[in-house]
Amino acid sequence: MLITREELAAIKQQAVAEYPNECCGVILVRGAERRHMPCRNVQDQMHARDPITFSRTARNAYYMDPIDALKLNRLADEGFAFAVIYHSHPNAGAYFSETDRGQALIRGEPAYPGAVYVVVSVVGPDVKALAAYRWNVERRVFERADAGDLDPAEPAVSRRLLAAAERRIPGGVNSPVRAFRSVGGEPRFVARAEGARLWDADGRAYVDFVGSWGPLVLSASRAAPPAAISSSSSTAATTVTRTACS
């Protein structure tokens with residue numbers, strides 16, 4: 001268990017409440033005891049004080065309030081360990097960015113090697129996705145730590161496929177168009193297509209306005225495709241999203 005249902009609900013509520021700014025916080029553990037510490041993001045104050053050093057605003061960065069950091073250090077002195085460090089990505093995907101990696105490392109070593117980093121994608125009033133990352137000591141990289149199951153209330157097939165894909169491919173996709181990083185949420189894995197509609201692995205239907213940039217302009221899986229098209233076209237498809245085998 002990376003986070004409890006109660007912690008998940010509190011984190012999602014905080015992420016939505018602080019949107020369009022990033023939220024941040026920590027979950028600490030001491031034996032069976034867990035402490036959830038939502039923290040104040042003072043990035044805007046730091047930006048106003050020193051816009052050169054702190055070039056970003058709270059909409060795309062976070063700086064933990066030093067008072068909250070002091071409280072966390074005191075809890076660490078009492079025997080608590082950092083179990084989860086989380087922050088949100090407003091209007092962006094749930095992924096561990098290069099900035100996130102840089103902040104998690106000190107001279108190439110993880111600041112909190114036992115901690116899991118959770119990223120929350122928030123678009124408008126809704127949490128769209130969550131993902132967790134952990135330091136791999138042997139490979140010396142941050143890798144996906146969850147199986148797409150951080151939020152049990154949400155459809156899970158596409159999320160499980162993405163979590164598995166991230167262990168094989170950087171970002172879990174083979175094209176930046178499919179990454180969803182600049183629009184929020186997470187990639188959908190297409191299970192089938194018919195006519196102008198697509199269905200993802202969780203059974204959700206979509207209207208296809210792209211037509212795979214042209215090749216599917218005659219629709220997907222036509223009952224009577226032109227003779228020049230291979231008979232395999234009834235099951236093969238090219239899309240702007242992921243498929244379970246792509």
# chains A, B, ... in the order shown; residues from 1 in each chain; ligands from 1

call {"tool": "closest_atom_pairs", "arguments": {"of": "stretch 9-50 of chain A", "to": "stretch 73-88 of chain A", "cutoff": "10 Å", "atoms": "only C-alpha atoms", "output": "tab-separated table"}}
result
residue	atom	partner	partner_atom	distance
A:Ile11	CA	A:Tyr86	CA	8.4
A:Lys12	CA	A:Ser88	CA	9.1
A:Gln14	CA	A:Ser88	CA	9.3
A:Ala15	CA	A:Ser88	CA	6.2
A:Val16	CA	A:Ser88	CA	9.2
A:Glu18	CA	A:Ser88	CA	9.2
A:Tyr19	CA	A:Ser88	CA	8.7
A:Pro20	CA	A:Ser88	CA	9.6
A:Asn21	CA	A:Ser88	CA	8.2
A:Glu22	CA	A:Ser88	CA	5.1
A:Cys23	CA	A:His87	CA	5.2
A:Cys24	CA	A:His87	CA	4.1
A:Gly25	CA	A:Tyr86	CA	5.5
A:Val26	CA	A:Ile85	CA	4.6
A:Ile27	CA	A:Val84	CA	4.9
A:Leu28	CA	A:Phe82	CA	4.6
A:Val29	CA	A:Phe80	CA	5.2
A:Arg30	CA	A:Phe80	CA	4.7
A:Gly31	CA	A:Phe80	CA	8.3
A:Glu33	CA	A:Phe80	CA	8.8
A:Arg34	CA	A:Phe80	CA	8.6
A:Arg35	CA	A:Phe80	CA	8.6
A:His36	CA	A:Val84	CA	9.1
A:Met37	CA	A:Ile85	CA	9.7
A:Pro38	CA	A:Tyr86	CA	9.2
A:Cys39	CA	A:His87	CA	9.7
A:Asn41	CA	A:His87	CA	9.7

call {"tool": "residues_around", "arguments": {"residues": "A:Asp208", "least_positions_apart": "6", "cutoff": "8 Å", "atoms": "only C-alpha atoms", "output": "PDB file with N, CA and C atoms, in the first residue's frame"}}
result
ATOM      1  N   ALA A 196     -16.588   5.633 -37.079  1.00  0.00           N
ATOM      2  CA  ALA A 196     -15.959   6.847 -36.560  1.00  0.00           C
ATOM      3  C   ALA A 196     -15.779   6.792 -35.054  1.00  0.00           C
ATOM      4  N   ARG A 197     -15.855   5.618 -34.468  1.00  0.00           N
ATOM      5  CA  ARG A 197     -15.764   5.505 -33.010  1.00  0.00           C
ATOM      6  C   ARG A 197     -14.621   4.587 -32.590  1.00  0.00           C
ATOM      7  N   LEU A 198     -14.064   4.926 -31.416  1.00  0.00           N
ATOM      8  CA  LEU A 198     -13.036   4.112 -30.780  1.00  0.00           C
ATOM      9  C   LEU A 198     -13.521   3.715 -29.403  1.00  0.00           C
TER      10      LEU A 198
END

call {"tool": "atom_distance", "arguments": {"atom1": "atom CA of A:Ala164", "atom2": "atom CA of A:Ala201"}}
result
14.1 Å

call {"tool": "select_by_dssp", "arguments": {"residues": "stretch 62-109 of chain A", "states": "strand (DSSP E)", "output": "MDAnalysis selection string"}}
result
chainID A and resid 81:90 105:106 109

call {"tool": "residues_around", "arguments": {"residues": "A:Arg160", "least_positions_apart": "2", "cutoff": "9 Å", "atoms": "only C-alpha atoms", "output": "ChimeraX atom specification"}}
result
/A:146-149,156-158,162-165

call {"tool": "write_last_selection", "arguments": {"atoms": "C-alpha atoms", "output": "short mmCIF file (atom, residue, chain, number, x, y, z; two decimals), in the first residue's frame"}}
result
data_model
loop_
_atom_site.label_atom_id
_atom_site.label_comp_id
_atom_site.auth_asym_id
_atom_site.auth_seq_id
_atom_site.Cartn_x
_atom_site.Cartn_y
_atom_site.Cartn_z
CA ASP A 146 2.41 1.74 -8.81
CA ALA A 147 0.48 -0.58 -11.09
CA GLY A 148 -2.05 2.04 -12.19
CA ASP A 149 -4.11 1.29 -9.09
CA ALA A 156 -8.12 0.72 -14.19
CA VAL A 157 -7.33 -1.24 -17.37
CA SER A 158 -5.73 1.64 -19.31
CA LEU A 162 0.30 2.53 -18.93
CA ALA A 163 2.06 1.65 -15.66
CA ALA A 164 3.36 -1.56 -17.26
CA ALA A 165 4.42 0.29 -20.41
#

call {"tool": "closest_residue", "arguments": {"among": "A:Glu166, A:Asp68, A:Glu7, A:Asp200", "to": "A:Ala131", "atoms": "only C-alpha atoms"}}
result
A:Glu166

call {"tool": "atom_distance", "arguments": {"atom1": "atom CA of A:Met64", "atom2": "atom CA of A:His47"}}
result
12.9 Å

call {"tool": "closest_residue", "arguments": {"among": "A:Leu130, A:Leu72, A:Leu161, A:His89", "to": "A:Ala58", "atoms": "only C-alpha atoms"}}
result
A:His89

call {"tool": "select_by_dssp", "arguments": {"residues": "stretch 7-215 of chain A", "states": "helix (DSSP H, G or I)", "output": "ChimeraX atom specification"}}
result
/A:7-18,43-49,66-77,98-104,157-166,170-172,176-178,211-213

call {"tool": "residues_around", "arguments": {"residues": "A:Gln43", "least_positions_apart": "4", "cutoff": "9 Å", "atoms": "only C-alpha atoms", "output": "number ranges by chain"}}
result
A: 47-48, 54, 56-59, 61-65

call {"tool": "write_last_selection", "arguments": {"atoms": "C-alpha atoms", "output": "tab-separated table (two decimals), in the first residue's frame"}}
result
chain	number	residue	atom	x	y	z
A	47	HIS	CA	9.10	34.39	-7.48
A	48	ALA	CA	8.03	37.89	-6.41
A	54	PHE	CA	12.68	31.46	-8.98
A	56	ARG	CA	8.47	29.92	-12.38
A	57	THR	CA	5.21	30.69	-10.61
A	58	ALA	CA	3.08	28.38	-8.48
A	59	ARG	CA	1.20	27.32	-11.60
A	61	ALA	CA	6.38	24.82	-9.69
A	62	TYR	CA	6.26	24.43	-5.93
A	63	TYR	CA	8.43	25.60	-3.06
A	64	MET	CA	7.51	24.17	0.29
A	65	ASP	CA	6.87	26.74	3.02

call {"tool": "residues_around", "arguments": {"residues": "A:Pro113", "least_positions_apart": "5", "cutoff": "12 Å", "atoms": "only C-alpha atoms", "output": "PyMOL selection string"}}
result
chain A and resi 81-85+104-106+108+133-137+140-142
